[in-house]
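Chemist: As input, take coords.tsv (TSV, C-alpha atoms and all ligand atoms):
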chain	number	residue	atom	x	y	z
F	1	MET	CA	0.00	0.00	0.00
F	2	SER	CA	1.28	3.46	-0.89
F	3	ARG	CA	2.19	5.69	2.01
F	4	LEU	CA	1.43	8.71	-0.14
F	5	THR	CA	-1.94	10.38	0.33
F	6	GLU	CA	-3.28	12.80	-2.27
F	7	ILE	CA	-4.45	15.80	-0.24
F	8	SER	CA	-5.47	17.92	-3.24
F	9	ALA	CA	-5.18	17.51	-7.01
F	10	GLY	CA	-1.59	16.53	-7.74
F	11	VAL	CA	-0.31	17.15	-4.19
F	12	LEU	CA	0.66	14.04	-2.23
F	13	VAL	CA	2.04	13.72	1.28
F	14	ALA	CA	3.75	10.85	3.09
F	15	THR	CA	4.09	11.12	6.86
F	16	GLY	CA	7.01	9.33	8.47
F	17	ASP	CA	7.09	7.76	11.92
F	18	LEU	CA	10.17	9.66	13.06
F	19	TYR	CA	9.13	13.17	14.29
F	20	VAL	CA	5.84	12.93	12.30
F	21	THR	CA	7.83	14.24	9.32
F	22	ASN	CA	6.03	15.09	6.08
F	23	SER	CA	7.45	14.55	2.59
F	24	THR	CA	5.56	16.46	-0.11
F	25	ILE	CA	5.23	15.48	-3.76
F	26	VAL	CA	3.72	17.78	-6.39
F	27	ALA	CA	2.91	16.31	-9.79
F	28	ASP	CA	3.70	18.35	-12.90
F	29	GLY	CA	0.86	16.85	-14.96
F	30	SER	CA	3.15	15.11	-17.45
F	31	GLY	CA	4.56	12.20	-15.46
F	32	GLY	CA	7.08	14.19	-13.46
F	33	CYS	CA	7.08	15.53	-9.93
F	34	LEU	CA	8.73	17.87	-7.49
F	35	VAL	CA	9.95	16.30	-4.24
F	36	ILE	CA	10.05	18.62	-1.21
F	37	ASP	CA	11.94	17.56	1.94
F	38	PRO	CA	11.96	13.76	1.44
F	39	ALA	CA	12.35	12.22	4.89
F	40	VAL	CA	13.47	10.78	7.08
F	41	THR	CA	14.84	7.25	7.55
F	42	VAL	CA	16.60	5.24	4.84
F	43	ALA	CA	13.62	2.86	4.74
F	44	GLU	CA	11.15	5.75	4.43
F	45	LEU	CA	13.06	7.27	1.50
F	46	ALA	CA	13.16	3.87	-0.20
F	47	GLY	CA	9.41	3.52	0.40
F	48	LEU	CA	8.79	6.96	-1.05
F	49	ALA	CA	10.76	6.11	-4.20
F	50	GLU	CA	8.87	2.85	-4.53
F	51	ASP	CA	5.52	4.61	-4.15
F	52	LEU	CA	6.47	7.15	-6.81
F	53	ARG	CA	7.39	4.34	-9.19
F	54	GLY	CA	4.02	2.72	-8.46
F	55	LEU	CA	2.27	5.99	-9.34
F	56	ALA	CA	4.45	6.42	-12.48
F	57	LEU	CA	5.71	9.73	-11.12
F	58	ARG	CA	9.32	10.51	-11.90
F	59	PRO	CA	11.14	13.06	-9.74
F	60	ARG	CA	12.28	15.95	-11.94
F	61	LEU	CA	13.69	18.09	-9.16
F	62	GLY	CA	13.90	18.40	-5.42
F	63	PHE	CA	13.55	21.24	-2.97
F	64	ALA	CA	14.87	21.60	0.58
F	65	THR	CA	12.99	24.09	2.76
F	66	HIS	CA	15.88	24.69	5.13
F	67	PRO	CA	19.37	23.62	6.16
F	68	HIS	CA	18.55	21.12	8.93
F	69	TRP	CA	19.61	17.53	8.55
F	70	ASP	CA	16.11	16.04	8.29
F	71	HIS	CA	15.26	18.34	5.35
F	72	VAL	CA	18.32	17.85	3.11
F	73	LEU	CA	18.15	14.08	2.63
F	74	TRP	CA	18.07	12.27	-0.70
F	75	SER	CA	18.33	8.78	-2.15
F	76	SER	CA	19.76	7.55	-5.46
F	77	GLU	CA	16.39	5.84	-6.00
F	78	LEU	CA	14.85	9.31	-6.33
F	79	GLY	CA	17.17	10.00	-9.26
F	80	GLY	CA	20.06	12.32	-9.99
F	81	VAL	CA	18.05	15.50	-10.34
F	82	PRO	CA	18.83	19.04	-9.16
F	83	ARG	CA	17.74	19.82	-5.63
F	84	PHE	CA	17.16	23.48	-4.97
F	85	ALA	CA	17.12	25.64	-1.86
F	86	SER	CA	17.48	29.35	-1.17
F	87	PRO	CA	21.05	30.64	-1.67
F	88	LEU	CA	21.44	31.28	2.07
F	89	ALA	CA	20.14	27.81	2.92
F	90	VAL	CA	22.64	26.25	0.49
F	91	ALA	CA	25.54	28.25	1.94
F	92	THR	CA	24.47	27.33	5.50
F	93	ALA	CA	24.14	23.62	4.66
F	94	GLU	CA	27.65	23.67	3.19
F	95	ARG	CA	29.17	25.55	6.12
F	96	GLU	CA	27.49	23.33	8.72
F	97	ARG	CA	27.82	20.09	6.78
F	98	ALA	CA	29.77	18.18	9.43
F	99	GLY	CA	27.19	18.93	12.13
F	100	LEU	CA	24.29	18.07	9.83
F	101	ILE	CA	25.88	14.73	8.99
F	102	ASP	CA	26.29	14.04	12.72
F	103	GLY	CA	22.57	14.73	13.21
F	104	ALA	CA	21.56	12.38	10.41
F	105	GLU	CA	23.95	9.64	11.48
F	106	SER	CA	22.82	9.69	15.09
F	107	SER	CA	19.05	9.81	14.42
F	108	ALA	CA	18.53	8.18	11.00
F	109	PRO	CA	21.79	6.43	10.09
F	110	GLY	CA	22.74	4.85	6.79
F	111	HIS	CA	21.96	7.56	4.25
F	112	ASP	CA	24.21	8.00	1.21
F	113	LEU	CA	26.34	10.89	2.43
F	114	GLU	CA	27.48	11.68	-1.10
F	115	LEU	CA	23.92	12.81	-1.76
F	116	PHE	CA	23.30	14.34	1.64
F	117	GLY	CA	22.85	18.13	1.55
F	118	ARG	CA	23.93	18.51	-2.08
F	119	LEU	CA	21.83	21.54	-2.94
F	120	THR	CA	21.76	24.09	-5.75
F	121	PRO	CA	20.92	27.75	-5.05
F	122	LEU	CA	17.73	28.98	-6.72
F	123	GLY	CA	18.54	31.32	-9.63
F	124	ASP	CA	15.27	33.20	-9.26
F	125	PRO	CA	14.83	33.38	-5.48
F	126	ASP	CA	11.04	33.72	-5.74
F	127	GLU	CA	10.11	30.70	-7.82
F	128	ILE	CA	10.88	27.03	-8.32
F	129	PRO	CA	12.12	26.57	-11.90
F	130	TRP	CA	9.95	23.84	-13.33
F	131	GLU	CA	7.10	23.10	-15.72
F	132	GLY	CA	4.57	22.11	-13.05
F	133	PRO	CA	2.10	24.29	-11.13
F	134	ALA	CA	3.48	27.73	-10.22
F	135	ALA	CA	5.49	27.38	-7.02
F	136	VAL	CA	6.22	30.61	-5.16
F	137	VAL	CA	9.18	30.51	-2.78
F	138	VAL	CA	8.83	32.60	0.39
F	139	THR	CA	12.22	32.87	2.03
F	140	HIS	CA	12.60	34.28	5.53
F	141	GLN	CA	14.87	33.92	8.57
F	142	GLY	CA	12.42	32.28	10.99
F	143	HIS	CA	13.60	28.89	12.37
F	144	ALA	CA	16.72	28.65	10.15
F	145	PRO	CA	18.79	30.86	7.84
F	146	GLY	CA	17.22	31.10	4.39
F	147	HIS	CA	14.19	29.02	5.42
F	148	SER	CA	11.75	28.80	2.51
F	149	ALA	CA	8.10	27.94	2.45
F	150	VAL	CA	6.70	26.96	-0.94
F	151	PHE	CA	3.24	28.24	-1.87
F	152	PHE	CA	1.20	26.86	-4.75
F	153	PRO	CA	-1.32	29.60	-5.64
F	154	GLY	CA	-3.29	27.29	-7.96
F	155	SER	CA	-4.37	25.04	-5.09
F	156	GLY	CA	-3.77	27.36	-2.12
F	157	THR	CA	-1.30	24.83	-0.73
F	158	LEU	CA	1.49	25.97	1.58
F	159	VAL	CA	4.43	23.67	2.22
F	160	ALA	CA	5.56	25.46	5.35
F	161	GLY	CA	8.80	23.70	6.28
F	162	ASP	CA	9.34	23.76	10.03
F	163	MET	CA	6.64	26.32	10.75
F	164	CYS	CA	2.86	26.26	11.38
F	165	SER	CA	2.81	22.94	13.23
F	166	ASP	CA	0.05	21.56	15.43
F	167	ILE	CA	2.58	19.65	17.58
F	168	GLU	CA	5.47	22.11	17.87
F	169	VAL	CA	5.94	25.59	19.26
F	170	PRO	CA	8.11	27.95	17.18
F	171	LEU	CA	11.69	26.69	17.26
F	172	LEU	CA	14.09	29.58	17.10
F	173	ASP	CA	17.54	29.82	15.56
F	174	LEU	CA	19.36	31.08	18.65
F	175	ASP	CA	22.52	31.81	16.66
F	176	GLN	CA	20.82	34.86	15.16
F	177	ALA	CA	20.77	38.37	16.64
F	178	ASP	CA	16.97	38.64	16.83
F	179	PRO	CA	15.43	35.18	16.45
F	180	VAL	CA	12.04	36.21	17.87
F	181	GLY	CA	11.82	39.20	15.50
F	182	ASP	CA	12.89	37.00	12.58
F	183	TYR	CA	10.20	34.48	13.41
F	184	LEU	CA	7.45	37.08	13.82
F	185	ALA	CA	8.40	38.63	10.48
F	186	ALA	CA	8.19	35.19	8.86
F	187	LEU	CA	4.72	34.61	10.34
F	188	ASP	CA	3.58	37.99	8.99
F	189	ARG	CA	4.68	37.01	5.49
F	190	LEU	CA	3.02	33.60	5.62
F	191	ALA	CA	-0.20	35.09	7.05
F	192	GLU	CA	-0.56	37.25	3.93
F	193	LEU	CA	-0.90	34.19	1.70
F	194	PRO	CA	-4.36	32.88	0.72
F	195	VAL	CA	-3.69	29.47	2.28
F	196	GLU	CA	-6.36	26.79	1.94
F	197	ARG	CA	-4.15	23.91	3.07
F	198	VAL	CA	-0.96	23.86	5.13
F	199	ILE	CA	1.60	21.06	5.20
F	200	PRO	CA	4.03	21.55	8.09
F	201	GLY	CA	7.42	19.85	8.18
F	202	HIS	CA	6.23	17.95	11.25
F	203	GLY	CA	2.63	17.36	12.30
F	204	GLY	CA	-0.82	17.27	10.81
F	205	ILE	CA	-2.09	18.90	7.63
F	206	GLY	CA	-4.54	21.74	8.22
F	207	ASP	CA	-7.12	23.74	6.25
F	208	GLY	CA	-7.17	27.55	5.93
F	209	ALA	CA	-8.81	28.12	9.32
F	210	GLU	CA	-6.37	25.76	11.01
F	211	PHE	CA	-3.47	27.56	9.32
F	212	LEU	CA	-4.62	30.87	10.81
F	213	ARG	CA	-5.12	29.21	14.22
F	214	ARG	CA	-1.52	27.98	14.15
F	215	ILE	CA	-0.22	31.41	13.11
F	216	GLU	CA	-2.03	32.95	16.09
F	217	LEU	CA	-0.75	30.24	18.45
F	218	ASP	CA	2.80	30.89	17.23
F	219	ARG	CA	2.44	34.65	17.71
F	220	ALA	CA	1.01	34.13	21.20
F	221	TYR	CA	3.85	31.76	22.09
F	222	LEU	CA	6.46	34.31	20.99
F	223	ASP	CA	4.69	37.10	22.84
F	224	ASP	CA	4.64	34.97	26.01
F	225	LEU	CA	8.32	34.16	25.53
F	226	ARG	CA	9.17	37.86	25.75
F	227	HIS	CA	7.42	38.07	29.10
F	228	GLY	CA	8.78	35.05	30.93
F	229	PRO	CA	9.45	31.32	30.95
F	230	GLU	CA	5.88	30.15	31.56
F	231	LEU	CA	4.67	27.79	28.83
F	232	ARG	CA	0.98	28.32	28.12
F	233	ASP	CA	0.84	26.89	24.59
F	234	PRO	CA	-2.07	24.42	24.29
F	235	ARG	CA	-0.38	22.17	21.72
F	236	PRO	CA	0.63	18.64	22.77
F	237	LEU	CA	4.41	18.97	23.06
F	238	ALA	CA	6.97	16.17	23.27
F	239	GLY	CA	9.47	16.29	26.13
F	240	TRP	CA	12.32	17.56	23.95
F	241	LEU	CA	10.15	20.48	22.84
F	242	ILE	CA	9.45	21.47	26.43
F	243	ALA	CA	13.21	21.37	27.06
F	244	GLN	CA	13.76	23.46	23.92
F	245	HIS	CA	11.16	25.94	25.14
F	246	GLN	CA	13.12	26.34	28.39
F	247	THR	CA	16.32	26.97	26.41
F	248	GLN	CA	14.53	29.58	24.30
F	249	ALA	CA	13.00	31.27	27.34
F	250	ALA	CA	16.43	31.47	29.02
F	251	TRP	CA	17.98	32.89	25.84
F	252	VAL	CA	15.32	35.58	25.51
F	253	ALA	CA	15.62	36.50	29.22
F	254	ASN	CA	19.41	36.85	28.81
F	255	ALA	CA	19.04	38.89	25.63
F	256	THR	CA	16.57	41.21	27.38
F	257	ALA	CA	18.97	41.64	30.31
F	258	ARG	CA	21.88	42.34	27.93
F	259	ALA	CA	19.83	44.91	26.02
F	260	SER	CA	18.74	46.81	29.12
F	261	LYS	CA	22.35	46.81	30.42
F	262	SER	CA	23.67	48.25	27.17
F	263	ARG	CA	20.93	50.91	27.14
F	264	ARG	CA	21.71	52.17	30.65
F	265	PRO	CA	24.92	54.15	29.94
F	266	ALA	CA	23.26	55.88	27.01
F	267	SER	CA	20.36	57.10	29.12
F	268	CYS	CA	22.76	58.22	31.88
F	269	GLN	CA	24.74	60.25	29.36
F	270	ALA	CA	21.57	61.76	28.01
F	271	GLN	CA	20.44	62.99	31.39
F	272	PRO	CA	22.78	66.00	31.72
F	273	ASP	CA	21.39	67.30	28.44
F	274	VAL	CA	17.90	67.05	29.83
F	275	VAL	CA	18.98	68.94	32.94
F	276	ARG	CA	20.59	71.65	30.87
O	1	ZN	ZN	14.18	22.46	11.10
Mind turning this structure into structure tokens?
Modeler:
Amino acid sequence: MSRLTEISAGVLVATGDLYVTNSTIVADGSGGCLVIDPAVTVAELAGLAEDLRGLALRPRLGFATHPHWDHVLWSSELGGVPRFASPLAVATAERERAGLIDGAESSAPGHDLELFGRLTPLGDPDEIPWEGPAAVVVTHQGHAPGHSAVFFPGSGTLVAGDMCSDIEVPLLDLDQADPVGDYLAALDRLAELPVERVIPGHGGIGDGAEFLRRIELDRAYLDDLRHGPELRDPRPLAGWLIAQHQTQAAWVANATARASKSRRPASCQAQPDVVR
């Protein structure tokens, strides 16, 4: 039985057991397909390739939403086709290659490392270059450098990457200067899209109303994070996500303390002017 489920005309999703990870396939209408974030174990990638053969869909190109190990996987059974990502995502995947390989090897070992993370930067940063349904690339800095959602205006389908999940709070890239601001800006951009169906990197598929609910939950989570460590998010979170929340809350509290410290001398210097 195929693991792929057609969720709208020409859009198929397979959900893996590890981290509830979604692989998205979009058919081009002439026997080819686009493969977004194939994941995650060796067996799951082999199963995906087998299912595509069964459906007579031949991968013509791949797309990686962002430079994390579980989104830059590939298998020779999917064919030697170009796999695109945003230029910043490609540069990040190359720079952090050793760490990404460690992540894959410890959680889903056995992948062909020659194919792992071999990505090509998009020439036109706003569009996937193919003959299938128009695929708009929305690149932002929320969650990871050069993270790209892919939006298909024809069907209102958003492949969100690691955003808009029903089982995860926003996961911030704490190596950035303003990860909360980056994430909020990303949510603003996604919220402008006329989404009828959202496919998160991890979790369940949602309709337009569910998409907006998740955007609001993410905004509320980030707002709470700025005010303290209390976790009020109603989503069912795995233990590692609660630990990650605590790390994020501590980071934000430290950043706030640093910012107020660095502001203090400036305000002290300004005071004599006020007095004068
Ligand atoms: Zn990720």
Chemist: Would you mind listing the residues within 9 Å of ligand ZN 1 (chain O), counting all atoms listed in the file, as a PyMOL selection string?
Modeler: chain F and resi 65-71+143-144+147+161-163+171+201
Chemist: Compile a residue-level contact table for stretch 47-150 of chain F against stretch 154-159 of chain F at a cut-off of 9 Å, reporting for every qualifying residue the shortest atom pair and its distance in Å to one decimal, with all atoms listed in the file counted, rows ordered by chain and ascending number, as CSV.
Modeler:
residue,atom,partner,partner_atom,distance
F:Thr65,CA,F:Val159,CA,8.6
F:Pro133,CA,F:Gly154,CA,6.9
F:Ala134,CA,F:Gly154,CA,7.2
F:Ala135,CA,F:Gly154,CA,8.8
F:Ser148,CA,F:Val159,CA,8.9
F:Ala149,CA,F:Val159,CA,5.6
F:Val150,CA,F:Val159,CA,5.1
Chemist: I want to know what sits within 7 Å of F:Leu237, based on only C-alpha atoms, with residues of the same chain fewer than 4 positions away left out; could you give that as a ChimeraX atom specification?
Modeler: /F:167-168,241-242
Chemist: Would you mind listing what lies within 12 Å of F:Leu34 as a ChimeraX atom specification, with all atoms listed in the file counted and same-chain residues fewer than 6 positions away left out?
Modeler: /F:10-13,23-28,52,57-64,78-79,81-84,128-135,150
Chemist: So that I can check the surroundings of stretch 174-180 of chain F, please list as a PDB file with C-alpha atoms, in the frame of the given file every protein, DNA and RNA residue that reaches within 9 Å of it, counting only C-alpha atoms and ignoring chain neighbours fewer than 5 positions away.
Modeler:
ATOM      1  CA  GLN F 141      14.870  33.920   8.570  1.00  0.00           C
ATOM      2  CA  GLY F 142      12.420  32.280  10.990  1.00  0.00           C
ATOM      3  CA  HIS F 143      13.600  28.890  12.370  1.00  0.00           C
ATOM      4  CA  ALA F 144      16.720  28.650  10.150  1.00  0.00           C
ATOM      5  CA  PRO F 145      18.790  30.860   7.840  1.00  0.00           C
ATOM      6  CA  ALA F 185       8.400  38.630  10.480  1.00  0.00           C
ATOM      7  CA  LEU F 222       6.460  34.310  20.990  1.00  0.00           C
ATOM      8  CA  ASP F 223       4.690  37.100  22.840  1.00  0.00           C
ATOM      9  CA  LEU F 225       8.320  34.160  25.530  1.00  0.00           C
ATOM     10  CA  ARG F 226       9.170  37.860  25.750  1.00  0.00           C
ATOM     11  CA  GLN F 248      14.530  29.580  24.300  1.00  0.00           C
ATOM     12  CA  TRP F 251      17.980  32.890  25.840  1.00  0.00           C
ATOM     13  CA  VAL F 252      15.320  35.580  25.510  1.00  0.00           C
TER      14      VAL F 252
END
Chemist: Atom CA of F:Val169 and atom CA of F:Asp218, how far apart in Å?
Modeler: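 The value is 6.5 Å.
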Chemist: Mind pulling up the distance from atom CA of F:Val42 to atom CA of F:Asp112?
Modeler: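 Those two atoms sit 8.9 Å apart.
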Chemist: Quick one: residues within 9 Å of F:Leu113, all atoms listed in the file, excluding same-chain residues fewer than 6 positions away - as a PyMOL selection string?
Modeler: chain F and resi 73-74+101
Chemist: Can you work out the spacing between atom CA of F:Leu217 and atom CA of F:Asp233 in Å, to one decimal?
Modeler: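 A separation of 7.2 Å between them.
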Chemist: Given only C-alpha atoms, how would the per-residue table for stretch 112-186 of chain F near stretch 203-211 of chain F read, listing every residue at most 7 Å away with its closest atom pair and distance in Å to one decimal, sorted by chain and number, as JSON lines?
Modeler:
{"residue": "F:Cys164", "atom": "CA", "partner": "F:Phe211", "partner_atom": "CA", "distance": 6.8}
{"residue": "F:Ser165", "atom": "CA", "partner": "F:Gly203", "partner_atom": "CA", "distance": 5.7}
{"residue": "F:Asp166", "atom": "CA", "partner": "F:Gly203", "partner_atom": "CA", "distance": 5.8}
{"residue": "F:Ile167", "atom": "CA", "partner": "F:Gly203", "partner_atom": "CA", "distance": 5.8}
